[in-house]
Amino acid sequence: MGIISKYLRDHTIGRLAQGLAAQLPRGDFHLTLLSVAPGRDEVAEFFRTHCDQFIPVPNNLPQARKLIADLKLDVIYYLDLGMDPVTYTLALSRLAPMQCATWGHPVTSGITTVDYFISAQGLEPDGSQSQFTEKLVTLKDLAVYYYRPVLEGPQAGAAASADRFGLPADANLYGCPQSLYKFHPEFDAVLGGILRADAKGILLLLAAPYKEWQQALWQRFNRTMPDVIGRIRLIPRQDRQGFLRLNAACDVLLDPLHFGGGQYDLRSPGHGNAGRDAPIGNAAREAGVQDVPDDWADGFCGERPGRLCAAGRRSGDG
Amino acid sequence: MAAYPALFENQSGINQLGEFWKSVADSLRSVALKCIKQPVLSDQEGPAYLFFQSRALDGSMSHRTFLTEGCPRSGYAIGQG
């Protein structure tokens, strides 16, 4: 069994795959981790010590292909096909009899030598096989063993009340700390609807690594929700602990339409404030939150602007 | 965290994935060896252009093209969508 990625380090992909590496039954599998340009952080070290074989993969494609083929693996599992040109190009070759992709990058590879796309029942609408060149495999549960995140320092509740990122204490904080490229234009109606429905609402977004992303998005917000754009705040990029504290500070966490969170929906409610906030959206539902309504966003695009707030609280209390 | 019964440290999905892999890999093992022994890896190697197209937040399109040495010619499929 080989698992390959460029992101077997402190990265969303790495965090999502840690448990898989550690928990895959060793009686049945010999696990080789293939790390493109391996890192040296805490998560990378975890991978090095939780596999049967850890192999750095060179960027040189012919060398990389030969290296992997010589391993004679039965299965290669591409964690994030499409996010990195090296792994994407490797997948064009038949390096193992079974080659699988999964939702680290949640779209078909379009490559005929990738046989299966591993997904889960709750992630796929009816008929989604038609959108994949791979044979779509919908497991009953997410194939993720995610370690409970630990918020260091003050307890989560204290952090939530004391650390509001300088925002008014009586504000209702709606957080959507996702990469800004995930903000589909149709999501604007939801965000605008929330802020119009809640006069005390403040929407917190996470700054992008490139200022151009923010400029472009704000230009769009100026067109789509000029009346409430003043209550959208950009929070500087955070380290892992800062990110957890940001989530703890929010009253409601939002999952973007169409391109939702991955690790975010798993780690956000993990610091003990389940009565306070709740992840909303498809990934939250898949992660086991049972009462996320199918039409969770619809109310904010039209006549029922109060619905999401109620749904969020209901999930948290449930 | 009773509200999120499946969120953390849940083995069930891993087990399902493992069972799937075992069921398919066993049946394909003979095929695998044949595939790997075939000259798939070196067949038609040569430079290929990787062509990326992206849509910016404002709707504009941008394109980037890379020359990737040693890429199999099937890499052209990337550019063709």
# chains A, B, ... in the order shown; residues from 1 in each chain; ligands from 1
$ closest_atom_pairs --of "chain A" --to "chain B" --cutoff "7 Å" --atoms "only C-alpha atoms" --output "CSV"
residue,atom,partner,partner_atom,distance
A:Leu20,CA,B:Ile14,CA,6.4
A:Leu24,CA,B:Ile14,CA,6.5
A:Leu61,CA,B:Gly70,CA,6.3
A:Pro62,CA,B:Gly70,CA,6.2
A:Arg65,CA,B:Leu41,CA,6.8
A:Ala69,CA,B:Ile36,CA,6.6
A:Asp74,CA,B:Ala25,CA,6.1
A:Val75,CA,B:Ala25,CA,6.8
A:Thr89,CA,B:Gly75,CA,6.9
A:Leu92,CA,B:Ser74,CA,6.9
A:Ser93,CA,B:Leu41,CA,6.1
A:Arg94,CA,B:Val40,CA,6.7
A:Leu95,CA,B:Ile36,CA,6.3
A:Ala96,CA,B:Ala32,CA,5.9
A:Pro97,CA,B:Ala32,CA,3.9
A:Met98,CA,B:Ala25,CA,6.6
A:Leu139,CA,B:Gln16,CA,6.6
A:Asp141,CA,B:Gly13,CA,4.7
A:Leu142,CA,B:Gly13,CA,5.0
A:Ala143,CA,B:Gly13,CA,4.0
A:Val144,CA,B:Gly13,CA,6.2
A:Tyr145,CA,B:Glu9,CA,4.7
A:Tyr146,CA,B:Glu9,CA,5.1
A:Tyr147,CA,B:Glu9,CA,5.4
A:Arg148,CA,B:Phe8,CA,5.5
A:Ala216,CA,B:Leu57,CA,6.0
A:Leu217,CA,B:Leu57,CA,6.3
A:Arg220,CA,B:Asp58,CA,6.8
A:Leu266,CA,B:Leu7,CA,6.1
A:Ala274,CA,B:Met1,CA,6.8
A:Ala287,CA,B:Leu7,CA,5.4
A:Gly288,CA,B:Ala6,CA,4.9
A:Val289,CA,B:Tyr4,CA,5.6
A:Gly316,CA,B:Ala3,CA,6.8
A:Gly318,CA,B:Ala3,CA,5.4
$ closest_residue --among "A:Ile76, A:Ala207, A:Leu195, A:Cys176" --to "Val252 in chain A" --atoms "only C-alpha atoms"
A:Cys176
$ select_by_dssp --residues "range 56-268 of chain A" --states "strand (DSSP E)" --output "PyMOL selection string"
chain A and resi 56-57+75-78+98-102+116-120+135-139+172-176+201-206+232-235+252-253
$ write_last_selection --atoms "C-alpha atoms" --output "PDB file, in the first residue's frame"
ATOM      1  CA  PRO A  56      11.197  10.843  -0.337  1.00  0.00           C
ATOM      2  CA  VAL A  57      10.123  11.234  -3.944  1.00  0.00           C
ATOM      3  CA  VAL A  75      -2.272   0.137  -4.465  1.00  0.00           C
ATOM      4  CA  ILE A  76      -1.282   3.778  -4.756  1.00  0.00           C
ATOM      5  CA  TYR A  77      -3.503   6.256  -2.982  1.00  0.00           C
ATOM      6  CA  TYR A  78      -3.170   9.829  -4.221  1.00  0.00           C
ATOM      7  CA  MET A  98      -4.870  -0.060  -8.502  1.00  0.00           C
ATOM      8  CA  GLN A  99      -4.503   3.704  -8.385  1.00  0.00           C
ATOM      9  CA  CYS A 100      -6.937   5.725  -6.334  1.00  0.00           C
ATOM     10  CA  ALA A 101      -7.625   9.383  -5.771  1.00  0.00           C
ATOM     11  CA  THR A 102      -9.664  10.950  -3.023  1.00  0.00           C
ATOM     12  CA  TYR A 116     -11.080   4.750  -8.285  1.00  0.00           C
ATOM     13  CA  PHE A 117     -12.110   7.919  -6.538  1.00  0.00           C
ATOM     14  CA  ILE A 118     -12.646   7.254  -2.850  1.00  0.00           C
ATOM     15  CA  SER A 119     -15.459   9.337  -1.426  1.00  0.00           C
ATOM     16  CA  ALA A 120     -18.261   8.880   1.073  1.00  0.00           C
ATOM     17  CA  LYS A 135     -15.105   4.601 -10.658  1.00  0.00           C
ATOM     18  CA  LEU A 136     -16.632   6.400  -7.727  1.00  0.00           C
ATOM     19  CA  VAL A 137     -16.489   4.536  -4.407  1.00  0.00           C
ATOM     20  CA  THR A 138     -18.807   5.900  -1.749  1.00  0.00           C
ATOM     21  CA  LEU A 139     -17.858   4.484   1.627  1.00  0.00           C
ATOM     22  CA  ASN A 172     -22.459  37.848  16.955  1.00  0.00           C
ATOM     23  CA  LEU A 173     -19.400  36.481  15.226  1.00  0.00           C
ATOM     24  CA  TYR A 174     -19.906  34.475  12.070  1.00  0.00           C
ATOM     25  CA  GLY A 175     -16.680  32.869  11.001  1.00  0.00           C
ATOM     26  CA  CYS A 176     -15.779  31.500   7.621  1.00  0.00           C
ATOM     27  CA  GLY A 201     -23.493  40.142  13.108  1.00  0.00           C
ATOM     28  CA  ILE A 202     -19.870  40.446  12.063  1.00  0.00           C
ATOM     29  CA  LEU A 203     -18.413  38.134   9.473  1.00  0.00           C
ATOM     30  CA  LEU A 204     -14.814  37.064  10.024  1.00  0.00           C
ATOM     31  CA  LEU A 205     -12.736  35.917   7.101  1.00  0.00           C
ATOM     32  CA  LEU A 206      -9.137  34.865   7.052  1.00  0.00           C
ATOM     33  CA  ILE A 232     -16.871  41.933   7.151  1.00  0.00           C
ATOM     34  CA  ARG A 233     -13.484  41.746   8.809  1.00  0.00           C
ATOM     35  CA  LEU A 234     -10.287  40.136   7.665  1.00  0.00           C
ATOM     36  CA  ILE A 235      -8.355  38.410  10.415  1.00  0.00           C
ATOM     37  CA  VAL A 252     -21.386  30.306  14.218  1.00  0.00           C
ATOM     38  CA  LEU A 253     -19.016  28.756  11.713  1.00  0.00           C
TER      39      LEU A 253
END
$ atom_distance --atom1 "CA of Met225 in chain A" --atom2 "CA of Pro256 in chain A"
16.5 Å
$ select_by_dssp --residues "range 204-241 of chain A" --states "alpha helix (DSSP H)" --output "PyMOL selection string"
chain A and resi 211-224+240-241
$ write_last_selection --atoms "N, CA and C atoms" --output "short mmCIF file (atom, residue, chain, number, x, y, z; two decimals), in the first residue's frame"
data_model
loop_
_atom_site.label_atom_id
_atom_site.label_comp_id
_atom_site.auth_asym_id
_atom_site.auth_seq_id
_atom_site.Cartn_x
_atom_site.Cartn_y
_atom_site.Cartn_z
N LYS A 211 -2.41 39.50 -1.46
CA LYS A 211 -3.35 40.60 -1.29
C LYS A 211 -4.29 40.74 -2.49
N GLU A 212 -3.85 40.24 -3.65
CA GLU A 212 -4.70 40.34 -4.84
C GLU A 212 -6.00 39.56 -4.65
N TRP A 213 -5.93 38.45 -3.93
CA TRP A 213 -7.15 37.68 -3.70
C TRP A 213 -8.16 38.52 -2.92
N GLN A 214 -7.67 39.19 -1.90
CA GLN A 214 -8.56 40.00 -1.07
C GLN A 214 -9.12 41.17 -1.86
N GLN A 215 -8.26 41.81 -2.64
CA GLN A 215 -8.73 42.95 -3.43
C GLN A 215 -9.83 42.53 -4.39
N ALA A 216 -9.63 41.41 -5.02
CA ALA A 216 -10.63 40.95 -5.99
C ALA A 216 -11.94 40.60 -5.30
N LEU A 217 -11.82 39.94 -4.15
CA LEU A 217 -13.04 39.55 -3.44
C LEU A 217 -13.78 40.78 -2.92
N TRP A 218 -13.03 41.72 -2.41
CA TRP A 218 -13.69 42.94 -1.87
C TRP A 218 -14.33 43.76 -2.98
N GLN A 219 -13.71 43.75 -4.14
CA GLN A 219 -14.35 44.42 -5.27
C GLN A 219 -15.70 43.78 -5.56
N ARG A 220 -15.72 42.48 -5.47
CA ARG A 220 -16.99 41.78 -5.72
C ARG A 220 -18.00 42.05 -4.61
N PHE A 221 -17.55 41.98 -3.35
CA PHE A 221 -18.45 42.28 -2.24
C PHE A 221 -19.02 43.70 -2.36
N ASN A 222 -18.22 44.60 -2.87
CA ASN A 222 -18.71 45.98 -3.04
C ASN A 222 -19.86 46.04 -4.04
N ARG A 223 -19.87 45.10 -4.94
CA ARG A 223 -20.97 45.05 -5.91
C ARG A 223 -22.16 44.29 -5.35
N THR A 224 -21.89 43.20 -4.59
CA THR A 224 -22.98 42.30 -4.22
C THR A 224 -23.57 42.60 -2.84
N ARG A 240 -1.58 27.41 13.88
CA ARG A 240 -2.62 26.44 14.20
C ARG A 240 -3.37 26.81 15.47
N GLN A 241 -2.65 27.19 16.51
CA GLN A 241 -3.32 27.55 17.75
C GLN A 241 -4.19 28.80 17.57
#
$ atom_distance --atom1 "CA of Gly110 in chain A" --atom2 "CA of Thr133 in chain A"
5.4 Å
$ atom_distance --atom1 "CA of Asp170 in chain A" --atom2 "CA of Pro226 in chain A"
23.1 Å
